[in-house]
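Structure data (mmCIF, N, CA and C atoms) from run.cif:
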```cif
data_run
#
loop_
_atom_site.label_atom_id
_atom_site.label_comp_id
_atom_site.auth_asym_id
_atom_site.auth_seq_id
_atom_site.Cartn_x
_atom_site.Cartn_y
_atom_site.Cartn_z
N MET A 65 7.90 -22.41 -18.94
CA MET A 65 7.65 -21.64 -20.15
C MET A 65 8.15 -20.21 -19.93
N SER A 66 8.88 -19.68 -20.87
CA SER A 66 9.43 -18.33 -20.78
C SER A 66 8.36 -17.28 -21.08
N ALA A 67 8.41 -16.20 -20.31
CA ALA A 67 7.46 -15.10 -20.53
C ALA A 67 7.82 -14.36 -21.81
N SER A 68 6.81 -13.77 -22.47
CA SER A 68 7.08 -12.99 -23.67
C SER A 68 7.84 -11.72 -23.29
N VAL A 69 8.59 -11.21 -24.25
CA VAL A 69 9.42 -10.03 -24.02
C VAL A 69 8.79 -8.85 -24.74
N ARG A 70 8.56 -7.75 -24.01
CA ARG A 70 8.03 -6.51 -24.59
C ARG A 70 9.16 -5.52 -24.78
N ASP A 71 9.08 -4.72 -25.83
CA ASP A 71 10.08 -3.68 -26.06
C ASP A 71 9.77 -2.47 -25.19
N ALA A 72 10.84 -1.79 -24.74
CA ALA A 72 10.71 -0.59 -23.92
C ALA A 72 11.87 0.35 -24.23
N VAL A 73 11.71 1.60 -23.84
CA VAL A 73 12.74 2.62 -24.04
C VAL A 73 12.92 3.40 -22.75
N THR A 74 14.14 3.90 -22.56
CA THR A 74 14.46 4.68 -21.37
C THR A 74 15.35 5.85 -21.79
N ALA A 75 15.11 7.01 -21.19
CA ALA A 75 15.90 8.21 -21.48
C ALA A 75 16.83 8.52 -20.31
N VAL A 76 18.11 8.57 -20.60
CA VAL A 76 19.11 9.01 -19.63
C VAL A 76 19.39 10.47 -19.99
N LEU A 77 18.67 11.37 -19.33
CA LEU A 77 18.77 12.81 -19.62
C LEU A 77 19.92 13.41 -18.82
N VAL A 78 20.80 14.13 -19.53
CA VAL A 78 22.01 14.68 -18.91
C VAL A 78 22.11 16.16 -19.23
N HIS A 79 22.46 16.94 -18.20
CA HIS A 79 22.77 18.36 -18.42
C HIS A 79 23.89 18.75 -17.46
N GLY A 80 24.98 19.25 -18.03
CA GLY A 80 26.09 19.73 -17.20
C GLY A 80 26.62 18.70 -16.22
N GLY A 81 26.61 17.45 -16.60
CA GLY A 81 27.13 16.40 -15.72
C GLY A 81 26.11 15.85 -14.74
N ASP A 82 24.90 16.40 -14.72
CA ASP A 82 23.83 15.91 -13.84
C ASP A 82 22.90 14.99 -14.63
N LEU A 83 22.33 14.01 -13.93
CA LEU A 83 21.36 13.07 -14.50
C LEU A 83 19.99 13.36 -13.92
N PHE A 84 18.93 13.15 -14.71
CA PHE A 84 17.57 13.32 -14.21
C PHE A 84 16.97 11.95 -13.92
N LEU A 85 16.48 11.79 -12.69
CA LEU A 85 15.83 10.54 -12.28
C LEU A 85 14.48 10.82 -11.68
N CYS A 86 13.65 9.79 -11.67
CA CYS A 86 12.34 9.84 -11.03
C CYS A 86 12.27 8.72 -10.00
N ARG A 87 11.51 8.94 -8.96
CA ARG A 87 11.16 7.85 -8.06
C ARG A 87 9.74 7.45 -8.41
N ARG A 88 9.58 6.19 -8.79
CA ARG A 88 8.27 5.69 -9.21
C ARG A 88 7.32 5.63 -8.02
N GLN A 89 6.05 5.87 -8.28
CA GLN A 89 5.05 5.80 -7.22
C GLN A 89 5.09 4.41 -6.58
N PRO A 90 5.02 4.33 -5.26
CA PRO A 90 5.09 3.03 -4.57
C PRO A 90 3.99 2.05 -4.97
N HIS A 91 2.81 2.54 -5.37
CA HIS A 91 1.70 1.66 -5.70
C HIS A 91 1.80 1.00 -7.08
N LEU A 92 2.75 1.41 -7.91
CA LEU A 92 2.86 0.84 -9.26
C LEU A 92 3.27 -0.63 -9.21
N PRO A 93 2.66 -1.46 -10.05
CA PRO A 93 2.96 -2.89 -10.00
C PRO A 93 4.39 -3.24 -10.45
N ALA A 94 4.94 -2.48 -11.39
CA ALA A 94 6.30 -2.74 -11.86
C ALA A 94 7.27 -1.74 -11.24
N PHE A 95 8.12 -2.22 -10.39
CA PHE A 95 9.19 -1.42 -9.78
C PHE A 95 8.67 -0.22 -8.97
N GLY A 96 7.54 -0.40 -8.29
CA GLY A 96 6.99 0.66 -7.44
C GLY A 96 7.98 1.10 -6.38
N GLY A 97 8.16 2.42 -6.24
CA GLY A 97 9.07 2.98 -5.25
C GLY A 97 10.53 3.04 -5.68
N TYR A 98 10.86 2.42 -6.80
CA TYR A 98 12.25 2.41 -7.27
C TYR A 98 12.59 3.72 -7.98
N TYR A 99 13.89 4.05 -7.98
CA TYR A 99 14.39 5.17 -8.75
C TYR A 99 14.66 4.69 -10.17
N ALA A 100 14.29 5.50 -11.15
CA ALA A 100 14.44 5.08 -12.55
C ALA A 100 14.57 6.30 -13.44
N PHE A 101 15.11 6.07 -14.62
CA PHE A 101 15.10 7.08 -15.66
C PHE A 101 13.72 7.03 -16.32
N PRO A 102 13.23 8.15 -16.85
CA PRO A 102 11.91 8.13 -17.50
C PRO A 102 11.90 7.25 -18.74
N GLY A 103 10.77 6.62 -18.97
CA GLY A 103 10.61 5.76 -20.14
C GLY A 103 9.47 4.80 -19.93
N GLY A 104 9.35 3.86 -20.84
CA GLY A 104 8.28 2.88 -20.72
C GLY A 104 8.17 1.99 -21.94
N LYS A 105 7.05 1.29 -22.02
CA LYS A 105 6.83 0.30 -23.07
C LYS A 105 6.62 0.94 -24.44
N VAL A 106 7.04 0.22 -25.46
CA VAL A 106 6.73 0.58 -26.84
C VAL A 106 5.33 0.06 -27.11
N ASP A 107 4.44 0.94 -27.57
CA ASP A 107 3.05 0.58 -27.85
C ASP A 107 2.84 0.32 -29.33
N ASP A 108 1.73 -0.35 -29.63
CA ASP A 108 1.36 -0.58 -31.04
C ASP A 108 1.10 0.74 -31.76
N THR A 109 0.72 1.78 -31.03
CA THR A 109 0.43 3.08 -31.64
C THR A 109 1.70 3.84 -32.01
N ASP A 110 2.86 3.41 -31.52
CA ASP A 110 4.13 4.06 -31.86
C ASP A 110 4.52 3.61 -33.27
N THR A 111 4.45 4.55 -34.20
CA THR A 111 4.67 4.21 -35.61
C THR A 111 6.15 4.21 -35.96
N GLY A 112 6.46 3.67 -37.11
CA GLY A 112 7.81 3.67 -37.63
C GLY A 112 8.08 4.81 -38.59
N GLU A 113 7.20 5.83 -38.53
CA GLU A 113 7.36 7.00 -39.42
C GLU A 113 8.60 7.81 -39.04
N PRO A 114 9.38 8.24 -40.02
CA PRO A 114 10.50 9.14 -39.72
C PRO A 114 10.01 10.42 -39.05
N ILE A 115 10.83 11.00 -38.22
CA ILE A 115 10.45 12.17 -37.45
C ILE A 115 10.83 13.46 -38.19
N GLY A 116 11.87 13.40 -39.01
CA GLY A 116 12.31 14.60 -39.72
C GLY A 116 13.26 15.43 -38.88
N GLN A 117 13.95 14.80 -37.95
CA GLN A 117 14.90 15.47 -37.08
C GLN A 117 16.19 14.65 -37.10
N PRO A 118 17.29 15.21 -37.62
CA PRO A 118 18.53 14.44 -37.77
C PRO A 118 19.02 13.76 -36.49
N LEU A 119 18.87 14.40 -35.35
CA LEU A 119 19.32 13.79 -34.09
C LEU A 119 18.52 12.54 -33.74
N LEU A 120 17.29 12.46 -34.24
CA LEU A 120 16.41 11.35 -33.89
C LEU A 120 16.28 10.31 -35.00
N ASP A 121 16.31 10.75 -36.25
CA ASP A 121 16.08 9.84 -37.37
C ASP A 121 17.21 8.83 -37.58
N ALA A 122 18.33 9.01 -36.91
CA ALA A 122 19.43 8.05 -37.00
C ALA A 122 19.14 6.77 -36.22
N HIS A 123 18.06 6.78 -35.43
CA HIS A 123 17.69 5.65 -34.58
C HIS A 123 16.41 4.99 -35.10
N PRO A 124 16.13 3.75 -34.67
CA PRO A 124 14.88 3.10 -35.12
C PRO A 124 13.67 3.97 -34.79
N HIS A 125 12.89 4.30 -35.80
CA HIS A 125 11.80 5.27 -35.66
C HIS A 125 10.75 4.85 -34.64
N LYS A 126 10.39 3.59 -34.61
CA LYS A 126 9.37 3.12 -33.66
C LYS A 126 9.85 3.33 -32.22
N LEU A 127 11.12 3.07 -31.96
CA LEU A 127 11.67 3.27 -30.61
C LEU A 127 11.70 4.75 -30.23
N ILE A 128 12.10 5.59 -31.18
CA ILE A 128 12.16 7.03 -30.90
C ILE A 128 10.76 7.60 -30.73
N ARG A 129 9.79 7.12 -31.50
CA ARG A 129 8.39 7.56 -31.31
C ARG A 129 7.91 7.19 -29.90
N ALA A 130 8.25 5.99 -29.44
CA ALA A 130 7.87 5.57 -28.09
C ALA A 130 8.58 6.42 -27.04
N LEU A 131 9.86 6.69 -27.24
CA LEU A 131 10.62 7.52 -26.30
C LEU A 131 10.02 8.91 -26.22
N GLU A 132 9.71 9.49 -27.38
CA GLU A 132 9.13 10.83 -27.41
C GLU A 132 7.79 10.84 -26.68
N ARG A 133 6.95 9.84 -26.91
CA ARG A 133 5.64 9.76 -26.25
C ARG A 133 5.79 9.59 -24.75
N GLU A 134 6.66 8.69 -24.33
CA GLU A 134 6.85 8.44 -22.90
C GLU A 134 7.38 9.68 -22.17
N LEU A 135 8.32 10.40 -22.78
CA LEU A 135 8.85 11.62 -22.16
C LEU A 135 7.76 12.68 -22.02
N ARG A 136 6.93 12.79 -23.05
CA ARG A 136 5.82 13.75 -23.00
C ARG A 136 4.84 13.36 -21.89
N GLU A 137 4.48 12.06 -21.84
CA GLU A 137 3.50 11.59 -20.86
C GLU A 137 4.03 11.65 -19.42
N GLU A 138 5.28 11.27 -19.21
CA GLU A 138 5.80 11.14 -17.85
C GLU A 138 6.33 12.44 -17.25
N ILE A 139 7.02 13.25 -18.09
CA ILE A 139 7.65 14.45 -17.53
C ILE A 139 7.33 15.72 -18.30
N GLY A 140 6.38 15.66 -19.24
CA GLY A 140 5.97 16.85 -19.98
C GLY A 140 7.06 17.43 -20.86
N PHE A 141 7.94 16.57 -21.39
CA PHE A 141 9.06 17.02 -22.21
C PHE A 141 8.84 16.61 -23.65
N ASP A 142 8.84 17.59 -24.56
CA ASP A 142 8.65 17.34 -25.98
C ASP A 142 10.03 17.21 -26.63
N LEU A 143 10.47 15.98 -26.83
CA LEU A 143 11.80 15.71 -27.36
C LEU A 143 11.97 16.27 -28.77
N ILE A 144 10.98 16.15 -29.61
CA ILE A 144 11.07 16.64 -30.98
C ILE A 144 11.22 18.16 -31.00
N GLN A 145 10.38 18.84 -30.22
CA GLN A 145 10.46 20.30 -30.14
C GLN A 145 11.79 20.74 -29.54
N ALA A 146 12.27 20.02 -28.54
CA ALA A 146 13.55 20.37 -27.91
C ALA A 146 14.71 20.22 -28.90
N CYS A 147 14.66 19.17 -29.74
CA CYS A 147 15.69 19.00 -30.77
C CYS A 147 15.63 20.16 -31.77
N ALA A 148 14.42 20.48 -32.22
CA ALA A 148 14.25 21.56 -33.20
C ALA A 148 14.69 22.91 -32.63
N GLY A 149 14.51 23.10 -31.33
CA GLY A 149 14.85 24.36 -30.67
C GLY A 149 16.28 24.46 -30.19
N GLY A 150 17.11 23.45 -30.48
CA GLY A 150 18.51 23.49 -30.08
C GLY A 150 18.75 23.16 -28.62
N GLN A 151 17.76 22.60 -27.93
CA GLN A 151 17.93 22.24 -26.52
C GLN A 151 18.54 20.86 -26.33
N VAL A 152 18.72 20.13 -27.43
CA VAL A 152 19.31 18.80 -27.37
C VAL A 152 20.60 18.82 -28.18
N GLN A 153 21.68 18.47 -27.52
CA GLN A 153 22.99 18.45 -28.17
C GLN A 153 23.21 17.13 -28.92
N SER A 154 22.82 16.02 -28.28
CA SER A 154 23.02 14.72 -28.92
C SER A 154 22.06 13.68 -28.34
N VAL A 155 21.81 12.65 -29.16
CA VAL A 155 20.99 11.50 -28.76
C VAL A 155 21.74 10.26 -29.22
N ASP A 156 22.15 9.43 -28.27
CA ASP A 156 22.90 8.22 -28.60
C ASP A 156 22.31 7.02 -27.87
N CYS A 157 22.31 5.89 -28.52
CA CYS A 157 21.85 4.66 -27.88
C CYS A 157 23.00 4.09 -27.06
N LEU A 158 22.78 3.95 -25.76
CA LEU A 158 23.80 3.38 -24.88
C LEU A 158 23.85 1.87 -24.98
N GLY A 159 22.73 1.26 -25.29
CA GLY A 159 22.67 -0.19 -25.40
C GLY A 159 21.28 -0.70 -25.10
N GLU A 160 21.20 -2.01 -25.07
CA GLU A 160 19.92 -2.70 -24.89
C GLU A 160 20.11 -3.79 -23.84
N VAL A 161 19.12 -3.92 -22.96
CA VAL A 161 19.17 -4.92 -21.90
C VAL A 161 17.83 -5.65 -21.86
N THR A 162 17.87 -6.97 -21.73
CA THR A 162 16.65 -7.77 -21.60
C THR A 162 16.61 -8.37 -20.21
N THR A 163 15.45 -8.26 -19.54
CA THR A 163 15.32 -8.83 -18.21
C THR A 163 15.47 -10.34 -18.29
N PRO A 164 15.94 -10.96 -17.21
CA PRO A 164 16.17 -12.41 -17.23
C PRO A 164 14.88 -13.22 -17.42
N SER A 165 15.04 -14.45 -17.86
CA SER A 165 13.90 -15.29 -18.19
C SER A 165 13.04 -15.66 -16.98
N PHE A 166 13.57 -15.57 -15.75
CA PHE A 166 12.78 -15.93 -14.57
C PHE A 166 11.84 -14.81 -14.12
N VAL A 167 11.95 -13.63 -14.72
CA VAL A 167 11.09 -12.50 -14.36
C VAL A 167 9.75 -12.66 -15.09
N PRO A 168 8.62 -12.56 -14.37
CA PRO A 168 7.31 -12.79 -15.01
C PRO A 168 6.98 -11.80 -16.13
N GLN A 169 7.33 -10.53 -15.95
CA GLN A 169 7.06 -9.52 -16.97
C GLN A 169 8.40 -9.06 -17.53
N ARG A 170 8.72 -9.51 -18.74
CA ARG A 170 10.04 -9.25 -19.31
C ARG A 170 10.01 -8.09 -20.29
N PHE A 171 11.13 -7.34 -20.29
CA PHE A 171 11.30 -6.20 -21.19
C PHE A 171 12.67 -6.24 -21.85
N ARG A 172 12.69 -5.87 -23.12
CA ARG A 172 13.93 -5.58 -23.84
C ARG A 172 13.96 -4.06 -23.91
N THR A 173 14.85 -3.46 -23.16
CA THR A 173 14.87 -2.00 -23.03
C THR A 173 16.08 -1.40 -23.71
N TRP A 174 15.82 -0.38 -24.54
CA TRP A 174 16.87 0.41 -25.17
C TRP A 174 17.05 1.68 -24.35
N PHE A 175 18.30 1.97 -24.00
CA PHE A 175 18.64 3.15 -23.20
C PHE A 175 19.23 4.21 -24.11
N TYR A 176 18.61 5.41 -24.09
CA TYR A 176 19.06 6.53 -24.92
C TYR A 176 19.65 7.64 -24.04
N HIS A 177 20.89 8.00 -24.34
CA HIS A 177 21.62 9.06 -23.66
C HIS A 177 21.30 10.36 -24.39
N ILE A 178 20.63 11.28 -23.71
CA ILE A 178 20.20 12.54 -24.32
C ILE A 178 20.89 13.68 -23.59
N VAL A 179 21.79 14.36 -24.28
CA VAL A 179 22.53 15.48 -23.69
C VAL A 179 21.78 16.77 -24.02
N LEU A 180 21.40 17.49 -22.98
CA LEU A 180 20.62 18.72 -23.11
C LEU A 180 21.53 19.94 -23.01
N THR A 181 21.22 20.98 -23.77
CA THR A 181 21.99 22.23 -23.71
C THR A 181 21.45 23.16 -22.63
N ALA A 182 20.23 22.90 -22.18
CA ALA A 182 19.60 23.68 -21.11
C ALA A 182 18.79 22.72 -20.25
N ARG A 183 18.61 23.07 -19.00
CA ARG A 183 17.85 22.23 -18.08
C ARG A 183 16.37 22.63 -18.14
N PRO A 184 15.53 21.79 -18.75
CA PRO A 184 14.11 22.15 -18.88
C PRO A 184 13.36 22.02 -17.56
N GLY A 185 12.21 22.68 -17.50
CA GLY A 185 11.32 22.52 -16.36
C GLY A 185 10.37 21.37 -16.64
N PHE A 186 10.64 20.22 -16.06
CA PHE A 186 9.80 19.05 -16.29
C PHE A 186 8.54 19.13 -15.43
N VAL A 187 7.44 18.61 -15.96
CA VAL A 187 6.18 18.52 -15.23
C VAL A 187 5.88 17.03 -15.07
N LEU A 188 6.03 16.53 -13.84
CA LEU A 188 5.88 15.10 -13.59
C LEU A 188 4.42 14.66 -13.63
N GLN A 189 4.21 13.50 -14.20
CA GLN A 189 2.89 12.85 -14.17
C GLN A 189 2.78 12.20 -12.80
N GLU A 190 1.94 12.74 -11.93
CA GLU A 190 1.91 12.33 -10.53
C GLU A 190 1.44 10.90 -10.31
N ASP A 191 0.68 10.33 -11.25
CA ASP A 191 0.25 8.94 -11.04
C ASP A 191 1.39 7.95 -11.31
N GLU A 192 2.49 8.40 -11.94
CA GLU A 192 3.63 7.53 -12.20
C GLU A 192 4.85 7.88 -11.38
N ALA A 193 5.13 9.18 -11.21
CA ALA A 193 6.35 9.61 -10.53
C ALA A 193 6.03 10.31 -9.21
N ALA A 194 6.65 9.83 -8.14
CA ALA A 194 6.48 10.45 -6.83
C ALA A 194 7.36 11.69 -6.73
N GLU A 195 8.50 11.68 -7.41
CA GLU A 195 9.40 12.83 -7.42
C GLU A 195 10.34 12.72 -8.60
N GLY A 196 10.94 13.83 -8.96
CA GLY A 196 11.95 13.88 -10.01
C GLY A 196 13.04 14.83 -9.56
N PHE A 197 14.29 14.53 -9.91
CA PHE A 197 15.39 15.37 -9.45
C PHE A 197 16.61 15.20 -10.34
N TRP A 198 17.48 16.21 -10.31
CA TRP A 198 18.77 16.18 -10.98
C TRP A 198 19.83 15.86 -9.93
N ALA A 199 20.80 15.04 -10.29
CA ALA A 199 21.89 14.71 -9.36
C ALA A 199 23.11 14.28 -10.15
N ARG A 200 24.27 14.46 -9.55
CA ARG A 200 25.51 13.97 -10.13
C ARG A 200 25.57 12.46 -9.95
N ALA A 201 26.15 11.78 -10.93
CA ALA A 201 26.25 10.31 -10.85
C ALA A 201 26.97 9.89 -9.58
N GLN A 202 28.00 10.64 -9.17
CA GLN A 202 28.75 10.30 -7.96
C GLN A 202 27.85 10.34 -6.73
N GLU A 203 26.92 11.29 -6.68
CA GLU A 203 26.00 11.40 -5.55
C GLU A 203 25.04 10.22 -5.52
N LEU A 204 24.63 9.75 -6.68
CA LEU A 204 23.69 8.63 -6.76
C LEU A 204 24.35 7.33 -6.33
N CYS A 205 25.65 7.18 -6.56
CA CYS A 205 26.36 5.96 -6.19
C CYS A 205 26.76 5.96 -4.72
N ARG A 206 26.96 7.13 -4.13
CA ARG A 206 27.46 7.22 -2.77
C ARG A 206 26.55 6.58 -1.72
N PRO A 207 25.22 6.86 -1.69
CA PRO A 207 24.39 6.26 -0.63
C PRO A 207 24.45 4.73 -0.58
N PRO A 208 24.34 4.00 -1.71
CA PRO A 208 24.44 2.54 -1.61
C PRO A 208 25.81 2.08 -1.10
N GLU A 209 26.87 2.80 -1.51
CA GLU A 209 28.21 2.44 -1.04
C GLU A 209 28.33 2.63 0.47
N GLN A 210 27.57 3.60 1.00
CA GLN A 210 27.61 3.89 2.43
C GLN A 210 26.50 3.16 3.20
N GLY A 211 25.76 2.28 2.51
CA GLY A 211 24.70 1.53 3.18
C GLY A 211 23.44 2.33 3.43
N ARG A 212 23.24 3.41 2.66
CA ARG A 212 22.04 4.23 2.81
C ARG A 212 21.36 4.37 1.47
N ARG A 213 20.13 4.80 1.50
CA ARG A 213 19.41 5.06 0.27
C ARG A 213 18.85 6.49 0.34
N ARG A 214 18.61 7.05 -0.82
CA ARG A 214 18.05 8.40 -0.91
C ARG A 214 16.56 8.32 -0.60
N ASN A 215 16.07 9.22 0.22
CA ASN A 215 14.63 9.30 0.53
C ASN A 215 13.98 10.43 -0.19
#
```
Now, as a test, write the supplied structure out as structure tokens.
Amino acid sequence: MSASVRDAVTAVLVHGGDLFLCRRQPHLPAFGGYYAFPGGKVDDTDTGEPIGQPLLDAHPHKLIRALERELREEIGFDLIQACAGGQVQSVDCLGEVTTPSFVPQRFRTWFYHIVLTARPGFVLQEDEAAEGFWARAQELCRPPEQGRRRN
């Protein structure tokens, strides 16, 4: 029997060619210790109400509400306020990926590319993120190619 699929959202935050990533706390049941972009599950409380922000209203409202909530909860970033304040240049959906059917907890995840005009000071939620950092994509690919991982 196939596991049910939950919707999720992920933010690929970019500034000046750098990407923001978090290392998940090792004790977390889903992907503990892994490096990931901030995001999470779409909740029933995430409404489909329009946000009133052109950069965001072009996307499914329920997904953007979830993305905004997850960014606030995980890294203390208010996406709506950042858009209104000119700190966000663009928001684009990169695509959607669903975990394979053999995975017990399945997610259909939408990835949003968010280009920032300034690098904000994020405040990590310590129960979810062990660390957060900015890095060039080339730097993130180099350690696996060299048989090493970032600590």
### Task
Identify which of the residues A:Leu127, A:Ile178, A:Leu83, A:Gln145 lies closest to A:Glu160, counting only C-alpha atoms when measuring atom-to-atom distances.
A:Leu127
### Distance criterion (only C-alpha atoms): nearest to A:Ala182 out of A:Arg70, A:Glu195, A:Asp156, A:Gly80
A:Gly80
### Message
What parts of stretch 72-203 of chain A does DSSP call strand (DSSP E or B)? I'd like the answer as an MDAnalysis selection string.
### Response
chainID A and resid 72:79 82:88 99:100 103:105 152:162 170:180 193:200
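Straight-line separation from atom CA of A:Val161 to atom N of A:Asp107: 16.8 Å.
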### Query
Written as a ChimeraX atom specification, what is the full residue list that the PyMOL selection byres ((chain A and resi 72) around 5) yields on the file shown?
/A:70-71,73-74,104-106,172-174
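Atom N of A:Pro124 lies 10.0 Å from atom N of A:Gly112.
Under the PyMOL selection byres ((chain A and resi 100) around 6.5), the matching residues in the shown file are Phe84, Leu85, Cys86, Arg87, Arg88, Tyr98, Tyr99, Phe101 and Pro102 of chain A.
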### Task
Specify as a PyMOL selection string each residue included when the PyMOL selection byres ((chain A and resi 140) around 7) is applied to this file.
chain A and resi 134-139+141-142+185-189
May I have all residues of chain A that DSSP, computed from the backbone, assigns to alpha helix (DSSP H), given as an mmCIF file with N, CA and C atoms, in the coordinates of the input?
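Written file, out_31.cif:
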```cif
data_model
loop_
_atom_site.group_PDB
_atom_site.id
_atom_site.type_symbol
_atom_site.label_atom_id
_atom_site.label_comp_id
_atom_site.auth_asym_id
_atom_site.auth_seq_id
_atom_site.Cartn_x
_atom_site.Cartn_y
_atom_site.Cartn_z
ATOM 1 N N PRO A 118 17.290 15.210 -37.620
ATOM 2 C CA PRO A 118 18.530 14.440 -37.770
ATOM 3 C C PRO A 118 19.020 13.760 -36.490
ATOM 4 N N LEU A 119 18.870 14.400 -35.350
ATOM 5 C CA LEU A 119 19.320 13.790 -34.090
ATOM 6 C C LEU A 119 18.520 12.540 -33.740
ATOM 7 N N LEU A 120 17.290 12.460 -34.240
ATOM 8 C CA LEU A 120 16.410 11.350 -33.890
ATOM 9 C C LEU A 120 16.280 10.310 -35.000
ATOM 10 N N ASP A 121 16.310 10.750 -36.250
ATOM 11 C CA ASP A 121 16.080 9.840 -37.370
ATOM 12 C C ASP A 121 17.210 8.830 -37.580
ATOM 13 N N HIS A 125 12.890 4.300 -35.800
ATOM 14 C CA HIS A 125 11.800 5.270 -35.660
ATOM 15 C C HIS A 125 10.750 4.850 -34.640
ATOM 16 N N LYS A 126 10.390 3.590 -34.610
ATOM 17 C CA LYS A 126 9.370 3.120 -33.660
ATOM 18 C C LYS A 126 9.850 3.330 -32.220
ATOM 19 N N LEU A 127 11.120 3.070 -31.960
ATOM 20 C CA LEU A 127 11.670 3.270 -30.610
ATOM 21 C C LEU A 127 11.700 4.750 -30.230
ATOM 22 N N ILE A 128 12.100 5.590 -31.180
ATOM 23 C CA ILE A 128 12.160 7.030 -30.900
ATOM 24 C C ILE A 128 10.760 7.600 -30.730
ATOM 25 N N ARG A 129 9.790 7.120 -31.500
ATOM 26 C CA ARG A 129 8.390 7.560 -31.310
ATOM 27 C C ARG A 129 7.910 7.190 -29.900
ATOM 28 N N ALA A 130 8.250 5.990 -29.440
ATOM 29 C CA ALA A 130 7.870 5.570 -28.090
ATOM 30 C C ALA A 130 8.580 6.420 -27.040
ATOM 31 N N LEU A 131 9.860 6.690 -27.240
ATOM 32 C CA LEU A 131 10.620 7.520 -26.300
ATOM 33 C C LEU A 131 10.020 8.910 -26.220
ATOM 34 N N GLU A 132 9.710 9.490 -27.380
ATOM 35 C CA GLU A 132 9.130 10.830 -27.410
ATOM 36 C C GLU A 132 7.790 10.840 -26.680
ATOM 37 N N ARG A 133 6.950 9.840 -26.910
ATOM 38 C CA ARG A 133 5.640 9.760 -26.250
ATOM 39 C C ARG A 133 5.790 9.590 -24.750
ATOM 40 N N GLU A 134 6.660 8.690 -24.330
ATOM 41 C CA GLU A 134 6.850 8.440 -22.900
ATOM 42 C C GLU A 134 7.380 9.680 -22.170
ATOM 43 N N LEU A 135 8.320 10.400 -22.780
ATOM 44 C CA LEU A 135 8.850 11.620 -22.160
ATOM 45 C C LEU A 135 7.760 12.680 -22.020
ATOM 46 N N ARG A 136 6.930 12.790 -23.050
ATOM 47 C CA ARG A 136 5.820 13.750 -23.000
ATOM 48 C C ARG A 136 4.840 13.360 -21.890
ATOM 49 N N GLU A 137 4.480 12.060 -21.840
ATOM 50 C CA GLU A 137 3.500 11.590 -20.860
ATOM 51 C C GLU A 137 4.030 11.650 -19.420
ATOM 52 N N GLU A 138 5.280 11.270 -19.210
ATOM 53 C CA GLU A 138 5.800 11.140 -17.850
ATOM 54 C C GLU A 138 6.330 12.440 -17.250
ATOM 55 N N ILE A 139 7.020 13.250 -18.090
ATOM 56 C CA ILE A 139 7.650 14.450 -17.530
ATOM 57 C C ILE A 139 7.330 15.720 -18.300
ATOM 58 N N LEU A 143 10.470 15.980 -26.830
ATOM 59 C CA LEU A 143 11.800 15.710 -27.360
ATOM 60 C C LEU A 143 11.970 16.270 -28.770
ATOM 61 N N ILE A 144 10.980 16.150 -29.610
ATOM 62 C CA ILE A 144 11.070 16.640 -30.980
ATOM 63 C C ILE A 144 11.220 18.160 -31.000
ATOM 64 N N GLN A 145 10.380 18.840 -30.220
ATOM 65 C CA GLN A 145 10.460 20.300 -30.140
ATOM 66 C C GLN A 145 11.790 20.740 -29.540
ATOM 67 N N ALA A 146 12.270 20.020 -28.540
ATOM 68 C CA ALA A 146 13.550 20.370 -27.910
ATOM 69 C C ALA A 146 14.710 20.220 -28.900
ATOM 70 N N CYS A 147 14.660 19.170 -29.740
ATOM 71 C CA CYS A 147 15.690 19.000 -30.770
ATOM 72 C C CYS A 147 15.630 20.160 -31.770
ATOM 73 N N ALA A 148 14.420 20.480 -32.220
ATOM 74 C CA ALA A 148 14.250 21.560 -33.200
ATOM 75 C C ALA A 148 14.690 22.910 -32.630
ATOM 76 N N ALA A 201 26.150 11.780 -10.930
ATOM 77 C CA ALA A 201 26.250 10.310 -10.850
ATOM 78 C C ALA A 201 26.970 9.890 -9.580
ATOM 79 N N GLN A 202 28.000 10.640 -9.170
ATOM 80 C CA GLN A 202 28.750 10.300 -7.960
ATOM 81 C C GLN A 202 27.850 10.340 -6.730
ATOM 82 N N GLU A 203 26.920 11.290 -6.680
ATOM 83 C CA GLU A 203 26.000 11.400 -5.550
ATOM 84 C C GLU A 203 25.040 10.220 -5.520
ATOM 85 N N LEU A 204 24.630 9.750 -6.680
ATOM 86 C CA LEU A 204 23.690 8.630 -6.760
ATOM 87 C C LEU A 204 24.350 7.330 -6.330
ATOM 88 N N CYS A 205 25.650 7.180 -6.560
ATOM 89 C CA CYS A 205 26.360 5.960 -6.190
ATOM 90 C C CYS A 205 26.760 5.960 -4.720
ATOM 91 N N ARG A 206 26.960 7.130 -4.130
ATOM 92 C CA ARG A 206 27.460 7.220 -2.770
ATOM 93 C C ARG A 206 26.550 6.580 -1.720
ATOM 94 N N PRO A 207 25.220 6.860 -1.690
ATOM 95 C CA PRO A 207 24.390 6.260 -0.630
ATOM 96 C C PRO A 207 24.450 4.730 -0.580
ATOM 97 N N PRO A 208 24.340 4.000 -1.710
ATOM 98 C CA PRO A 208 24.440 2.540 -1.610
ATOM 99 C C PRO A 208 25.810 2.080 -1.100
ATOM 100 N N GLU A 209 26.870 2.800 -1.510
ATOM 101 C CA GLU A 209 28.210 2.440 -1.040
ATOM 102 C C GLU A 209 28.330 2.630 0.470
#
```
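The gap separating atom CA of A:Cys157 from atom CA of A:Val179 is 11.6 Å, in Å to one decimal.
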